[in-house]
Amino acid sequence: HGMGLLPGLVCPHHDRIQSNGILRAKDFDQMLLRHPGELGIGIDHWAALIVTGQDYRVLSLEGKPGSVVMGEKGEKFGVDDDGTANGIPGIWIKHVDPKDSNKVHARVCPSQGKLKDILQEPSVIVEDVESVNTCRAANPSGFI
């Protein structure tokens with residue numbers, strides 16, 4: 001969940017390259033394919049989702065690079081494989097196609113609105129037991 005505040009999975013720095021050399025947006029899509037019942041929210045490095053009660057707005061810092069490229073046929077993802085961002089900062093709403101479990105659909109989050117219009121509760125939550133156990137072993141808390 002989005003830090004327990006919002007339903008779904010959240011990917012900050014969605015338009016950036018990770019320390020392993022992989023674009024976070026691509027890695028996030030792979031995560032969504034492993035968790036097809038959950039909604040994904042990809043937030044670019046220079047963007048923020050501001051929530052006030054049941055309303056939201058997208059903050060996009062002017063003059064900074066991001067992944068949202070406006071085209072004749074609508075918005076498209078605009079980050080090259082080398083991490084060059086060709087658009088403006090924004091937020092993407094993503095989900096796995098229920099008819100094609102190998103495809104992730106993405107749309108740009110409107111600049112403002114009601115949370116209920118962009119979020120949804122998960123239809124199913126998949127727990128990756130092996131990864132959870134690996135993380136717990138590497139980060140013992142003494143509480144389990």
# chains A, B, ... in the order shown; residues from 1 in each chain; ligands from 1

$ residues_around --residues "region 62-65 of chain A" --least-positions-apart "4" --cutoff "8 Å" --atoms "only C-alpha atoms" --output "number ranges by chain"
A: 46, 85-89

$ write_last_selection --atoms "C-alpha atoms" --output "PDB file, in the first residue's frame"
ATOM      1  CA  TRP A  46       9.860  16.659  -9.425  1.00  0.00           C
ATOM      2  CA  ALA A  85      13.421  12.839 -19.172  1.00  0.00           C
ATOM      3  CA  ASN A  86      11.837  14.615 -22.145  1.00  0.00           C
ATOM      4  CA  GLY A  87       8.674  15.989 -20.582  1.00  0.00           C
ATOM      5  CA  ILE A  88       7.276  17.682 -17.530  1.00  0.00           C
ATOM      6  CA  PRO A  89       6.938  16.171 -14.035  1.00  0.00           C
TER       7      PRO A  89
END

$ closest_atom_pairs --of "region 11-70 of chain A" --to "region 109-116 of chain A" --cutoff "7 Å" --atoms "only C-alpha atoms" --output "JSON lines"
{"residue": "A:Gln54", "atom": "CA", "partner": "A:Leu115", "partner_atom": "CA", "distance": 5.6}
{"residue": "A:Asp55", "atom": "CA", "partner": "A:Lys114", "partner_atom": "CA", "distance": 4.5}
{"residue": "A:Tyr56", "atom": "CA", "partner": "A:Gln112", "partner_atom": "CA", "distance": 5.5}
{"residue": "A:Arg57", "atom": "CA", "partner": "A:Gln112", "partner_atom": "CA", "distance": 4.0}
{"residue": "A:Val58", "atom": "CA", "partner": "A:Ser111", "partner_atom": "CA", "distance": 5.0}

$ atom_distance --atom1 "CA of Leu59 (chain A)" --atom2 "CA of Ile91 (chain A)"
9.1 Å

$ residues_around --residues "Gly8 (chain A)" --least-positions-apart "6" --cutoff "12 Å" --atoms "only C-alpha atoms" --output "list in words"
His1, Gly2, Met31, Leu32, His35, Pro36, Gly37, Glu38, Leu39, Gly40, Ile41, Gly42, Ile93, Lys94, His95, Ile118, Leu119, Gln120, Glu121, Pro122, Ser123, Val124, Ile125 and Val126 of chain A

$ select_by_dssp --residues "chain A" --states "alpha helix (DSSP H)" --output "list in words"
Arg24, Ala25, Lys26, Asp27, Phe28, Asp29, Gln30, Met31, Leu32, Leu33, Arg34, Val129, Glu130, Ser131, Val132, Asn133, Thr134, Cys135, Arg136, Ala137 and Ala138 of chain A

$ write_last_selection --atoms "N, CA, C and O atoms" --output "tab-separated table (two decimals), in the first residue's frame"
chain	number	residue	atom	x	y	z
A	24	ARG	N	13.15	3.16	-12.99
A	24	ARG	CA	12.17	2.80	-11.96
A	24	ARG	C	10.80	2.51	-12.56
A	24	ARG	O	10.08	1.63	-12.09
A	25	ALA	N	10.39	3.24	-13.59
A	25	ALA	CA	9.08	3.01	-14.22
A	25	ALA	C	8.99	1.60	-14.78
A	25	ALA	O	7.96	0.94	-14.64
A	26	LYS	N	10.06	1.12	-15.40
A	26	LYS	CA	10.05	-0.24	-15.95
A	26	LYS	C	10.01	-1.28	-14.83
A	26	LYS	O	9.29	-2.27	-14.91
A	27	ASP	N	10.79	-1.05	-13.79
A	27	ASP	CA	10.80	-1.97	-12.65
A	27	ASP	C	9.43	-1.99	-11.96
A	27	ASP	O	8.94	-3.03	-11.55
A	28	PHE	N	8.80	-0.81	-11.87
A	28	PHE	CA	7.48	-0.70	-11.26
A	28	PHE	C	6.44	-1.48	-12.07
A	28	PHE	O	5.58	-2.16	-11.51
A	29	ASP	N	6.53	-1.39	-13.39
A	29	ASP	CA	5.61	-2.17	-14.24
A	29	ASP	C	5.76	-3.67	-13.96
A	29	ASP	O	4.76	-4.39	-13.90
A	30	GLN	N	6.99	-4.13	-13.79
A	30	GLN	CA	7.21	-5.54	-13.48
A	30	GLN	C	6.61	-5.90	-12.12
A	30	GLN	O	6.05	-6.99	-11.95
A	31	MET	N	6.71	-4.99	-11.16
A	31	MET	CA	6.10	-5.23	-9.85
A	31	MET	C	4.58	-5.33	-9.99
A	31	MET	O	3.95	-6.21	-9.39
A	32	LEU	N	3.99	-4.45	-10.78
A	32	LEU	CA	2.54	-4.49	-10.98
A	32	LEU	C	2.11	-5.80	-11.63
A	32	LEU	O	1.05	-6.34	-11.29
A	33	LEU	N	2.92	-6.32	-12.54
A	33	LEU	CA	2.58	-7.60	-13.18
A	33	LEU	C	2.60	-8.74	-12.15
A	33	LEU	O	1.85	-9.71	-12.30
A	34	ARG	N	3.41	-8.61	-11.10
A	34	ARG	CA	3.43	-9.60	-10.02
A	34	ARG	C	2.28	-9.38	-9.03
A	34	ARG	O	1.98	-10.24	-8.22
A	129	VAL	N	5.97	-14.20	-0.50
A	129	VAL	CA	6.47	-14.74	0.77
A	129	VAL	C	8.00	-14.84	0.76
A	129	VAL	O	8.66	-14.49	1.74
A	130	GLU	N	8.57	-15.29	-0.34
A	130	GLU	CA	10.02	-15.45	-0.41
A	130	GLU	C	10.73	-14.11	-0.23
A	130	GLU	O	11.68	-14.00	0.56
A	131	SER	N	10.25	-13.07	-0.92
A	131	SER	CA	10.87	-11.75	-0.78
A	131	SER	C	10.66	-11.16	0.61
A	131	SER	O	11.55	-10.53	1.17
A	132	VAL	N	9.46	-11.36	1.17
A	132	VAL	CA	9.19	-10.87	2.52
A	132	VAL	C	10.14	-11.53	3.51
A	132	VAL	O	10.73	-10.85	4.36
A	133	ASN	N	10.32	-12.84	3.41
A	133	ASN	CA	11.23	-13.54	4.33
A	133	ASN	C	12.67	-13.09	4.16
A	133	ASN	O	13.41	-12.95	5.14
A	134	THR	N	13.09	-12.83	2.91
A	134	THR	CA	14.44	-12.33	2.65
A	134	THR	C	14.64	-10.97	3.31
A	134	THR	O	15.66	-10.72	3.95
A	135	CYS	N	13.64	-10.08	3.15
A	135	CYS	CA	13.73	-8.75	3.76
A	135	CYS	C	13.74	-8.83	5.28
A	135	CYS	O	14.50	-8.12	5.94
A	136	ARG	N	12.91	-9.70	5.83
A	136	ARG	CA	12.88	-9.83	7.30
A	136	ARG	C	14.22	-10.37	7.83
A	136	ARG	O	14.69	-9.93	8.87
A	137	ALA	N	14.83	-11.30	7.11
A	137	ALA	CA	16.11	-11.85	7.53
A	137	ALA	C	17.21	-10.78	7.47
A	137	ALA	O	18.10	-10.73	8.32
A	138	ALA	N	17.15	-9.91	6.45
A	138	ALA	CA	18.16	-8.88	6.29
A	138	ALA	C	17.93	-7.69	7.23
A	138	ALA	O	18.85	-6.90	7.45

$ atom_distance --atom1 "CA of Glu75 (chain A)" --atom2 "CA of Leu61 (chain A)"
17.8 Å

$ atom_distance --atom1 "CA of Pro12 (chain A)" --atom2 "CA of Ala48 (chain A)"
9.0 Å

$ select_by_dssp --residues "region 2-143 of chain A" --states "strand (DSSP E)" --output "PyMOL selection string"
chain A and resi 9-12+40-43+47-52+55-60+68-71+74-77+91-97+100-108+112-114

$ write_last_selection --atoms "C-alpha atoms" --output "PDB file, in the first residue's frame"
ATOM      1  CA  LEU A   9       1.406   0.536  -4.786  1.00  0.00           C
ATOM      2  CA  VAL A  10       3.422   3.752  -5.045  1.00  0.00           C
ATOM      3  CA  CYS A  11       6.635   4.337  -6.971  1.00  0.00           C
ATOM      4  CA  PRO A  12       8.448   7.566  -6.076  1.00  0.00           C
ATOM      5  CA  GLY A  40      -0.050   1.662  -9.199  1.00  0.00           C
ATOM      6  CA  ILE A  41       0.813   5.324  -8.698  1.00  0.00           C
ATOM      7  CA  GLY A  42       4.072   6.452 -10.304  1.00  0.00           C
ATOM      8  CA  ILE A  43       5.249   9.846  -9.039  1.00  0.00           C
ATOM      9  CA  ALA A  47       6.163  15.971  -8.765  1.00  0.00           C
ATOM     10  CA  ALA A  48       4.011  15.379  -5.694  1.00  0.00           C
ATOM     11  CA  LEU A  49       0.504  14.170  -4.924  1.00  0.00           C
ATOM     12  CA  ILE A  50      -1.038  16.565  -2.412  1.00  0.00           C
ATOM     13  CA  VAL A  51      -4.021  15.119  -0.544  1.00  0.00           C
ATOM     14  CA  THR A  52      -6.460  17.284   1.412  1.00  0.00           C
ATOM     15  CA  ASP A  55      -9.444  15.908  -2.732  1.00  0.00           C
ATOM     16  CA  TYR A  56      -6.052  15.805  -4.405  1.00  0.00           C
ATOM     17  CA  ARG A  57      -3.903  17.943  -6.656  1.00  0.00           C
ATOM     18  CA  VAL A  58      -0.701  17.257  -8.531  1.00  0.00           C
ATOM     19  CA  LEU A  59       2.257  19.518  -7.864  1.00  0.00           C
ATOM     20  CA  SER A  60       4.644  19.727 -10.824  1.00  0.00           C
ATOM     21  CA  VAL A  68       4.869  13.417 -19.190  1.00  0.00           C
ATOM     22  CA  VAL A  69       5.101  14.342 -22.863  1.00  0.00           C
ATOM     23  CA  MET A  70       2.055  15.935 -24.429  1.00  0.00           C
ATOM     24  CA  GLY A  71       1.400  14.734 -27.961  1.00  0.00           C
ATOM     25  CA  GLY A  74      -2.606  12.543 -25.718  1.00  0.00           C
ATOM     26  CA  GLU A  75       0.082  12.039 -23.143  1.00  0.00           C
ATOM     27  CA  LYS A  76       2.900   9.548 -23.469  1.00  0.00           C
ATOM     28  CA  PHE A  77       5.763   8.401 -21.253  1.00  0.00           C
ATOM     29  CA  ILE A  91       1.960  11.339 -11.876  1.00  0.00           C
ATOM     30  CA  TRP A  92       0.903   8.147 -13.641  1.00  0.00           C
ATOM     31  CA  ILE A  93      -1.990   5.875 -12.663  1.00  0.00           C
ATOM     32  CA  LYS A  94      -1.249   2.282 -13.683  1.00  0.00           C
ATOM     33  CA  HIS A  95      -3.008  -1.077 -13.633  1.00  0.00           C
ATOM     34  CA  VAL A  96      -2.624  -4.505 -15.197  1.00  0.00           C
ATOM     35  CA  ASP A  97      -5.027  -5.214 -18.051  1.00  0.00           C
ATOM     36  CA  ASP A 100      -4.066  -9.424 -20.815  1.00  0.00           C
ATOM     37  CA  SER A 101      -2.109 -10.088 -17.623  1.00  0.00           C
ATOM     38  CA  ASN A 102       1.154  -9.230 -19.411  1.00  0.00           C
ATOM     39  CA  LYS A 103       0.199  -5.615 -20.149  1.00  0.00           C
ATOM     40  CA  VAL A 104       0.279  -2.579 -17.871  1.00  0.00           C
ATOM     41  CA  HIS A 105      -1.990   0.343 -18.781  1.00  0.00           C
ATOM     42  CA  ALA A 106      -0.913   3.839 -17.775  1.00  0.00           C
ATOM     43  CA  ARG A 107      -2.627   7.203 -17.840  1.00  0.00           C
ATOM     44  CA  VAL A 108      -1.577  10.593 -16.575  1.00  0.00           C
ATOM     45  CA  GLN A 112      -6.741  17.840  -9.504  1.00  0.00           C
ATOM     46  CA  GLY A 113      -9.899  16.092  -8.447  1.00  0.00           C
ATOM     47  CA  LYS A 114     -11.467  13.647  -6.023  1.00  0.00           C
TER      48      LYS A 114
END

$ closest_residue --among "A:Lys99, A:Asp128, A:Pro140, A:Asp80" --to "Ile22 (chain A)" --atoms "only C-alpha atoms"
A:Asp80
